[in-house]
Amino acid sequence: MNNATQVLAAFREMTANKSISRDELYDLIKDGILAALAKRYGPNVEAEIEVDEATGKIGITVLKEVVAEVQDSSREILLEEARWDDPEFEVGDILEVPVEFAQFGRNAVMAAKQRILQRVREGERQKIRDEYEHRVGELLSGEVQQVERGKLVLLLNRSRDADAIIPWKEQNPRERARQGEPIRAVLKKVEETPKGPRLILSRADPLFVAALFKLEVPEIQQGIVEIRGSAREVGFRSKIAVSSRDESIDPVGACVGLKGSRVRAVVQELGGERIDIVPWHPDPEIYAKRALAPARVSKVISDYDARTMTAIVDEDQLSLAIGRNGQNVRLASQLIGWQIDLFGSREWLERGAESGLFGAGAAEGEYEETDFPLGDLDLTPATVAALQASGYNTFFDVINLEREDFLRIPGIAAAEADQLVSEIERLSVVDEDGGGYDAAQDGDGDAYDAAPGGEGVGEDGDAAGAADLTSDADAENLRDSE
């Protein structure tokens, strides 16, 4: 076996473990030989390289341009020197100089080897970038390879060569991982380091909760149910807001599953962490009421410019609204993206508020409406742009328009007009059915609360056998309210 055949065999063995195709292998060989030629002839050398896999022969031909005066010896040759081989050479012709592979010295071979190894590493890094840079938020699985100064080094099932870690701040402080244990985490970001891309995974981010629900709930995988927001205090409590593109499918019920089977699987993966599932709403005030569940909110006053809300609750609901150590109101604020200031009815009345806010509350069947931008509706960007171009910017601007009025707006076709009418009816007509997990007729929504015991808080806010629901005071308030 000649030297070239040995080199080819060595290259095949090296690249077999790197999932490199035959074309990529030959490209690497040519690039490595060019590096060796550059070591011998100069940095700008030009050459033709042919690889015969059947015979193992590598044909190398260095190309030099014939010139009257040499400025770059690596790719040029004097006319007089070229005519030693062929007296008919003229300036501008190309001289072909065959080179035997055996002529390469040790330094040239080492240069070829280094270039090939470098190209292999770069190819591996680029494959990891291409595979994972668009997968942020997805659930990945593997095993704990090493516990190193608080961080977990993972060996991913699909990419054994990927550099994947879970930093200490992205871990659940209630969990203890050991070497060799299987583990699942969500991809939070792809970080560039001097050694290539590093996958930063998390079990503490709200994205992890959303990824687990996507795994357990087929309606989320199919795009029928969408997670519109999430907030989390790792190890203690999470809140997610969901909506449905199909009116016949209850988004909260889909996430809960039959007898709580789906949400129970998520709670188990989170080590018993409580989960509140609330229906999303485009109106921030109604959304805030739902986010504060299981507490019932009497009134919400909004400051749209400052993105702050004042929520007023009856005294028997105050401890539920606050939650243990303020978790409930804090997570609700993170979920909706507004600051929520919470007041009990007594304190609010002492501040001079209207007494009509409390007691019997709003008249039965009364619906509190709050204006909001058209961009919050389930409309295409083109439809929103067409409405804004005609001076319609908020829900109240279009609430009294008929189908014929929409058809007169440039850019609004029959399908868009029907969708607009449907959206207005959906947000304006009061639901008569108060059962299940549907929104109540005052615009408030019911939440399903998954507790460590696997039970939940139903639509009436009762404990339903939930283990460690909140504080003892919260449970007492619940009994009083019943």
# chains A, B, ... in the order shown; residues from 1 in each chain; ligands from 1
call {"tool": "select_by_dssp", "arguments": {"residues": "range 247-418 of chain A", "states": "strand (DSSP E or B)", "output": "list of chain:residue names"}}
result
A:Arg274, A:Ile275, A:Asp276, A:Ile277, A:Val278, A:Pro279, A:Lys299, A:Val300, A:Ile301, A:Ser302, A:Asp303, A:Thr308, A:Met309, A:Thr310, A:Ala311, A:Ile312, A:Val313, A:Gln339, A:Ile340, A:Asp341, A:Leu342, A:Phe343, A:Gly344, A:Pro373, A:Thr394
call {"tool": "residues_around", "arguments": {"residues": "Ile220 in chain A", "least_positions_apart": "6", "cutoff": "9 Å", "atoms": "only C-alpha atoms", "output": "PyMOL selection string"}}
result
chain A and resi 213-214+226-227+254-255
call {"tool": "write_last_selection", "arguments": {"atoms": "C-alpha atoms", "output": "short mmCIF file (atom, residue, chain, number, x, y, z; two decimals), in the first residue's frame"}}
result
data_model
loop_
_atom_site.label_atom_id
_atom_site.label_comp_id
_atom_site.auth_asym_id
_atom_site.auth_seq_id
_atom_site.Cartn_x
_atom_site.Cartn_y
_atom_site.Cartn_z
CA PHE A 213 -47.17 21.10 28.33
CA LYS A 214 -46.39 20.97 24.62
CA GLU A 226 -51.54 28.19 22.31
CA ILE A 227 -49.63 29.17 25.44
CA ALA A 254 -57.15 20.47 27.16
CA CYS A 255 -54.14 21.28 29.35
#
call {"tool": "atom_distance", "arguments": {"atom1": "CA of Lys299 in chain A", "atom2": "CA of Ala311 in chain A"}}
result
5.9 Å
call {"tool": "atom_distance", "arguments": {"atom1": "CA of Glu46 in chain A", "atom2": "CA of Glu124 in chain A"}}
result
27.4 Å
call {"tool": "closest_residue", "arguments": {"among": "A:Asp376, A:Glu131, A:Glu175, A:Glu402", "to": "Leu187 in chain A", "atoms": "only C-alpha atoms"}}
result
A:Glu131
call {"tool": "closest_residue", "arguments": {"among": "A:Ala164, A:Met309, A:Leu331, A:Ile301", "to": "Ala231 in chain A", "atoms": "only C-alpha atoms"}}
result
A:Leu331
call {"tool": "atom_distance", "arguments": {"atom1": "CA of Glu191 in chain A", "atom2": "CA of Arg119 in chain A"}}
result
20.6 Å
call {"tool": "residues_around", "arguments": {"residues": "Val51 in chain A", "least_positions_apart": "6", "cutoff": "10 Å", "atoms": "only C-alpha atoms", "output": "list of chain:residue names"}}
result
A:Ala4, A:Leu8, A:Tyr26, A:Asp27, A:Ile29, A:Lys30, A:Lys57, A:Ile58, A:Gly59, A:Ile60
call {"tool": "write_last_selection", "arguments": {"atoms": "C-alpha atoms", "output": "compact mmCIF listing (two decimals), in the first residue's frame"}}
result
# COMPACT_ATOMS: atom_id res chain seq x y z
CA ALA A 4 -1.35 8.06 -0.66
CA LEU A 8 -6.84 7.96 2.27
CA TYR A 26 -12.49 14.64 -0.60
CA ASP A 27 -12.99 18.35 -0.06
CA ILE A 29 -8.29 16.07 1.56
CA LYS A 30 -7.92 18.72 -1.16
CA LYS A 57 -3.86 7.66 -6.10
CA ILE A 58 -3.78 11.39 -5.44
CA GLY A 59 -2.86 13.48 -8.49
CA ILE A 60 -1.40 16.91 -7.72
call {"tool": "residues_around", "arguments": {"residues": "Arg330 in chain A", "least_positions_apart": "6", "cutoff": "12 Å", "atoms": "only C-alpha atoms", "output": "list of chain:residue names"}}
result
A:Ala231, A:Arg232, A:Glu233, A:Arg237, A:Ser238, A:Lys239, A:Ala288, A:Ala291, A:Leu292, A:Ala321, A:Ile322, A:Gly323, A:Arg324, A:Ile336, A:Gly337, A:Trp338, A:Gln339, A:Ile340, A:Asp341, A:Leu342
call {"tool": "closest_residue", "arguments": {"among": "A:Gly92, A:Pro381, A:Pro373, A:Gly123", "to": "Pro197 in chain A", "atoms": "only C-alpha atoms"}}
result
A:Gly123
call {"tool": "residues_around", "arguments": {"residues": "range 261-269 of chain A", "least_positions_apart": "3", "cutoff": "12 Å", "atoms": "only C-alpha atoms", "output": "PyMOL selection string"}}
result
chain A and resi 172+175+183-185+203-204+208-219+234-238+240+252-258+272-277+448-456
call {"tool": "write_last_selection", "arguments": {"atoms": "C-alpha atoms", "output": "mmCIF file, in the first residue's frame"}}
result
data_model
loop_
_atom_site.group_PDB
_atom_site.id
_atom_site.type_symbol
_atom_site.label_atom_id
_atom_site.label_comp_id
_atom_site.auth_asym_id
_atom_site.auth_seq_id
_atom_site.Cartn_x
_atom_site.Cartn_y
_atom_site.Cartn_z
ATOM 1 C CA ASN A 172 -34.379 23.754 40.388
ATOM 2 C CA GLU A 175 -33.611 18.895 42.807
ATOM 3 C CA ILE A 183 -32.594 14.395 32.541
ATOM 4 C CA ARG A 184 -34.806 16.681 30.460
ATOM 5 C CA ALA A 185 -34.427 20.430 30.077
ATOM 6 C CA ARG A 203 -35.083 23.524 34.228
ATOM 7 C CA ALA A 204 -35.895 26.783 36.015
ATOM 8 C CA PHE A 208 -39.487 24.555 30.627
ATOM 9 C CA VAL A 209 -43.089 24.492 31.868
ATOM 10 C CA ALA A 210 -44.365 25.498 28.415
ATOM 11 C CA ALA A 211 -42.228 22.789 26.744
ATOM 12 C CA LEU A 212 -43.582 20.125 29.114
ATOM 13 C CA PHE A 213 -47.168 21.098 28.328
ATOM 14 C CA LYS A 214 -46.390 20.968 24.623
ATOM 15 C CA LEU A 215 -45.111 17.420 25.122
ATOM 16 C CA GLU A 216 -48.194 16.324 27.080
ATOM 17 C CA VAL A 217 -50.965 18.202 25.223
ATOM 18 C CA PRO A 218 -51.556 17.171 21.571
ATOM 19 C CA GLU A 219 -53.692 20.282 20.972
ATOM 20 C CA VAL A 234 -39.059 27.764 40.355
ATOM 21 C CA GLY A 235 -39.816 25.024 42.834
ATOM 22 C CA PHE A 236 -42.951 26.696 44.180
ATOM 23 C CA ARG A 237 -45.534 27.902 41.667
ATOM 24 C CA SER A 238 -46.123 28.603 37.984
ATOM 25 C CA ILE A 240 -49.600 29.825 32.318
ATOM 26 C CA VAL A 252 -57.766 25.015 30.052
ATOM 27 C CA GLY A 253 -59.516 21.639 29.906
ATOM 28 C CA ALA A 254 -57.153 20.471 27.160
ATOM 29 C CA CYS A 255 -54.142 21.275 29.346
ATOM 30 C CA VAL A 256 -55.688 19.655 32.413
ATOM 31 C CA GLY A 257 -56.591 16.408 30.623
ATOM 32 C CA LEU A 258 -58.943 13.632 31.679
ATOM 33 C CA GLY A 272 -44.637 18.850 42.854
ATOM 34 C CA GLU A 273 -44.589 22.496 41.796
ATOM 35 C CA ARG A 274 -48.064 24.072 41.732
ATOM 36 C CA ILE A 275 -49.431 25.202 38.359
ATOM 37 C CA ASP A 276 -52.227 27.696 37.699
ATOM 38 C CA ILE A 277 -53.766 27.465 34.214
ATOM 39 C CA TYR A 448 -57.340 25.277 37.141
ATOM 40 C CA ASP A 449 -54.789 25.031 39.909
ATOM 41 C CA ALA A 450 -52.672 21.870 39.996
ATOM 42 C CA ALA A 451 -51.349 21.231 43.464
ATOM 43 C CA PRO A 452 -48.678 18.693 44.483
ATOM 44 C CA GLY A 453 -51.370 16.245 45.517
ATOM 45 C CA GLY A 454 -52.689 16.157 41.953
ATOM 46 C CA GLU A 455 -56.018 17.811 42.813
ATOM 47 C CA GLY A 456 -57.034 21.254 41.666
#
call {"tool": "decode", "arguments": {"residues": "range 362-412 of chain A", "atoms": "N, CA and C atoms", "output": "mmCIF file, in the first residue's frame"}}
result
data_model
loop_
_atom_site.group_PDB
_atom_site.id
_atom_site.type_symbol
_atom_site.label_atom_id
_atom_site.label_comp_id
_atom_site.auth_asym_id
_atom_site.auth_seq_id
_atom_site.Cartn_x
_atom_site.Cartn_y
_atom_site.Cartn_z
ATOM 1 N N ALA A 362 -71.275 43.892 40.794
ATOM 2 C CA ALA A 362 -71.941 44.310 39.570
ATOM 3 C C ALA A 362 -73.228 43.537 39.408
ATOM 4 N N ALA A 363 -74.163 44.140 38.694
ATOM 5 C CA ALA A 363 -75.436 43.472 38.454
ATOM 6 C C ALA A 363 -75.203 42.215 37.654
ATOM 7 N N GLU A 364 -76.031 41.225 37.917
ATOM 8 C CA GLU A 364 -75.863 39.943 37.240
ATOM 9 C C GLU A 364 -76.022 40.131 35.742
ATOM 10 N N GLY A 365 -75.086 39.566 35.000
ATOM 11 C CA GLY A 365 -75.137 39.670 33.550
ATOM 12 C C GLY A 365 -74.426 40.886 33.017
ATOM 13 N N GLU A 366 -73.970 41.795 33.935
ATOM 14 C CA GLU A 366 -73.289 42.998 33.476
ATOM 15 C C GLU A 366 -71.884 42.651 33.007
ATOM 16 N N TYR A 367 -71.479 43.202 31.918
ATOM 17 C CA TYR A 367 -70.159 42.906 31.359
ATOM 18 C C TYR A 367 -69.345 44.185 31.347
ATOM 19 N N GLU A 368 -68.181 44.167 31.981
ATOM 20 C CA GLU A 368 -67.325 45.340 32.025
ATOM 21 C C GLU A 368 -66.422 45.340 30.802
ATOM 22 N N GLU A 369 -66.526 46.406 30.034
ATOM 23 C CA GLU A 369 -65.744 46.484 28.804
ATOM 24 C C GLU A 369 -64.621 47.489 28.968
ATOM 25 N N THR A 370 -63.476 47.148 28.456
ATOM 26 C CA THR A 370 -62.321 48.029 28.468
ATOM 27 C C THR A 370 -61.715 48.030 27.075
ATOM 28 N N ASP A 371 -61.369 49.211 26.604
ATOM 29 C CA ASP A 371 -60.821 49.310 25.258
ATOM 30 C C ASP A 371 -59.406 48.754 25.222
ATOM 31 N N PHE A 372 -58.995 48.267 24.043
ATOM 32 C CA PHE A 372 -57.649 47.736 23.865
ATOM 33 C C PHE A 372 -57.292 47.804 22.381
ATOM 34 N N PRO A 373 -56.007 47.755 22.035
ATOM 35 C CA PRO A 373 -55.588 47.895 20.635
ATOM 36 C C PRO A 373 -56.085 46.751 19.763
ATOM 37 N N LEU A 374 -56.268 47.046 18.475
ATOM 38 C CA LEU A 374 -56.711 46.014 17.533
ATOM 39 C C LEU A 374 -55.670 44.923 17.362
ATOM 40 N N GLY A 375 -54.410 45.239 17.616
ATOM 41 C CA GLY A 375 -53.362 44.232 17.489
ATOM 42 C C GLY A 375 -53.517 43.077 18.453
ATOM 43 N N ASP A 376 -54.323 43.272 19.535
ATOM 44 C CA ASP A 376 -54.551 42.191 20.497
ATOM 45 C C ASP A 376 -55.593 41.200 20.015
ATOM 46 N N LEU A 377 -56.343 41.551 18.957
ATOM 47 C CA LEU A 377 -57.339 40.628 18.420
ATOM 48 C C LEU A 377 -56.667 39.562 17.564
ATOM 49 N N ASP A 378 -57.394 38.482 17.322
ATOM 50 C CA ASP A 378 -56.870 37.382 16.509
ATOM 51 C C ASP A 378 -57.078 37.713 15.029
ATOM 52 N N LEU A 379 -56.341 38.727 14.549
ATOM 53 C CA LEU A 379 -56.452 39.195 13.173
ATOM 54 C C LEU A 379 -55.082 39.139 12.517
ATOM 55 N N THR A 380 -55.093 39.060 11.195
ATOM 56 C CA THR A 380 -53.825 39.068 10.461
ATOM 57 C C THR A 380 -53.229 40.471 10.492
ATOM 58 N N PRO A 381 -51.912 40.606 10.406
ATOM 59 C CA PRO A 381 -51.290 41.941 10.381
ATOM 60 C C PRO A 381 -51.808 42.806 9.240
ATOM 61 N N ALA A 382 -52.132 42.188 8.093
ATOM 62 C CA ALA A 382 -52.635 42.960 6.964
ATOM 63 C C ALA A 382 -53.995 43.575 7.288
ATOM 64 N N THR A 383 -54.851 42.815 7.979
ATOM 65 C CA THR A 383 -56.161 43.335 8.360
ATOM 66 C C THR A 383 -56.019 44.484 9.347
ATOM 67 N N VAL A 384 -55.147 44.323 10.341
ATOM 68 C CA VAL A 384 -54.937 45.397 11.317
ATOM 69 C C VAL A 384 -54.398 46.639 10.633
ATOM 70 N N ALA A 385 -53.472 46.468 9.688
ATOM 71 C CA ALA A 385 -52.904 47.617 8.968
ATOM 72 C C ALA A 385 -53.961 48.330 8.143
ATOM 73 N N ALA A 386 -54.851 47.567 7.506
ATOM 74 C CA ALA A 386 -55.913 48.183 6.705
ATOM 75 C C ALA A 386 -56.861 48.991 7.584
ATOM 76 N N LEU A 387 -57.191 48.461 8.754
ATOM 77 C CA LEU A 387 -58.072 49.199 9.675
ATOM 78 C C LEU A 387 -57.396 50.459 10.194
ATOM 79 N N GLN A 388 -56.133 50.350 10.550
ATOM 80 C CA GLN A 388 -55.419 51.519 11.064
ATOM 81 C C GLN A 388 -55.263 52.598 10.000
ATOM 82 N N ALA A 389 -55.091 52.173 8.753
ATOM 83 C CA ALA A 389 -54.980 53.149 7.666
ATOM 84 C C ALA A 389 -56.265 53.950 7.492
ATOM 85 N N SER A 390 -57.387 53.367 7.912
ATOM 86 C CA SER A 390 -58.677 54.055 7.805
ATOM 87 C C SER A 390 -59.074 54.733 9.105
ATOM 88 N N GLY A 391 -58.167 54.760 10.090
ATOM 89 C CA GLY A 391 -58.431 55.493 11.321
ATOM 90 C C GLY A 391 -59.004 54.672 12.453
ATOM 91 N N TYR A 392 -59.044 53.340 12.309
ATOM 92 C CA TYR A 392 -59.562 52.479 13.375
ATOM 93 C C TYR A 392 -58.377 51.832 14.090
ATOM 94 N N ASN A 393 -58.196 52.183 15.371
ATOM 95 C CA ASN A 393 -57.014 51.729 16.099
ATOM 96 C C ASN A 393 -57.319 50.840 17.292
ATOM 97 N N THR A 394 -58.527 50.939 17.860
ATOM 98 C CA THR A 394 -58.854 50.173 19.053
ATOM 99 C C THR A 394 -60.143 49.390 18.842
ATOM 100 N N PHE A 395 -60.438 48.509 19.785
ATOM 101 C CA PHE A 395 -61.633 47.668 19.706
ATOM 102 C C PHE A 395 -62.896 48.515 19.731
ATOM 103 N N PHE A 396 -62.922 49.557 20.562
ATOM 104 C CA PHE A 396 -64.111 50.402 20.635
ATOM 105 C C PHE A 396 -64.347 51.166 19.326
ATOM 106 N N ASP A 397 -63.302 51.361 18.521
ATOM 107 C CA ASP A 397 -63.470 52.061 17.242
ATOM 108 C C ASP A 397 -64.298 51.250 16.256
ATOM 109 N N VAL A 398 -64.264 49.905 16.401
ATOM 110 C CA VAL A 398 -64.932 49.054 15.406
ATOM 111 C C VAL A 398 -66.108 48.268 15.985
ATOM 112 N N ILE A 399 -66.370 48.430 17.297
ATOM 113 C CA ILE A 399 -67.342 47.559 17.937
ATOM 114 C C ILE A 399 -68.756 47.740 17.374
ATOM 115 N N ASN A 400 -69.076 48.940 16.867
ATOM 116 C CA ASN A 400 -70.429 49.191 16.363
ATOM 117 C C ASN A 400 -70.532 49.110 14.835
ATOM 118 N N LEU A 401 -69.453 48.704 14.174
ATOM 119 C CA LEU A 401 -69.474 48.610 12.718
ATOM 120 C C LEU A 401 -70.120 47.301 12.275
ATOM 121 N N GLU A 402 -70.814 47.342 11.147
ATOM 122 C CA GLU A 402 -71.439 46.162 10.567
ATOM 123 C C GLU A 402 -70.536 45.592 9.473
ATOM 124 N N ARG A 403 -70.929 44.423 8.959
ATOM 125 C CA ARG A 403 -70.145 43.766 7.922
ATOM 126 C C ARG A 403 -69.989 44.658 6.687
ATOM 127 N N GLU A 404 -71.074 45.349 6.316
ATOM 128 C CA GLU A 404 -71.027 46.224 5.141
ATOM 129 C C GLU A 404 -70.041 47.375 5.358
ATOM 130 N N ASP A 405 -69.951 47.849 6.612
ATOM 131 C CA ASP A 405 -69.014 48.937 6.897
ATOM 132 C C ASP A 405 -67.569 48.469 6.703
ATOM 133 N N PHE A 406 -67.286 47.228 7.110
ATOM 134 C CA PHE A 406 -65.925 46.707 6.939
ATOM 135 C C PHE A 406 -65.573 46.534 5.467
ATOM 136 N N LEU A 407 -66.575 46.109 4.656
ATOM 137 C CA LEU A 407 -66.309 45.882 3.235
ATOM 138 C C LEU A 407 -65.979 47.182 2.503
ATOM 139 N N ARG A 408 -66.376 48.318 3.052
ATOM 140 C CA ARG A 408 -66.076 49.607 2.414
ATOM 141 C C ARG A 408 -64.645 50.053 2.697
ATOM 142 N N ILE A 409 -63.968 49.409 3.632
ATOM 143 C CA ILE A 409 -62.597 49.786 3.988
ATOM 144 C C ILE A 409 -61.634 49.167 2.978
ATOM 145 N N PRO A 410 -60.764 49.954 2.358
ATOM 146 C CA PRO A 410 -59.797 49.401 1.397
ATOM 147 C C PRO A 410 -58.912 48.342 2.054
ATOM 148 N N GLY A 411 -58.768 47.204 1.377
ATOM 149 C CA GLY A 411 -57.939 46.125 1.882
ATOM 150 C C GLY A 411 -58.687 45.101 2.701
ATOM 151 N N ILE A 412 -59.987 45.329 2.945
ATOM 152 C CA ILE A 412 -60.797 44.376 3.709
ATOM 153 C C ILE A 412 -61.712 43.639 2.740
#
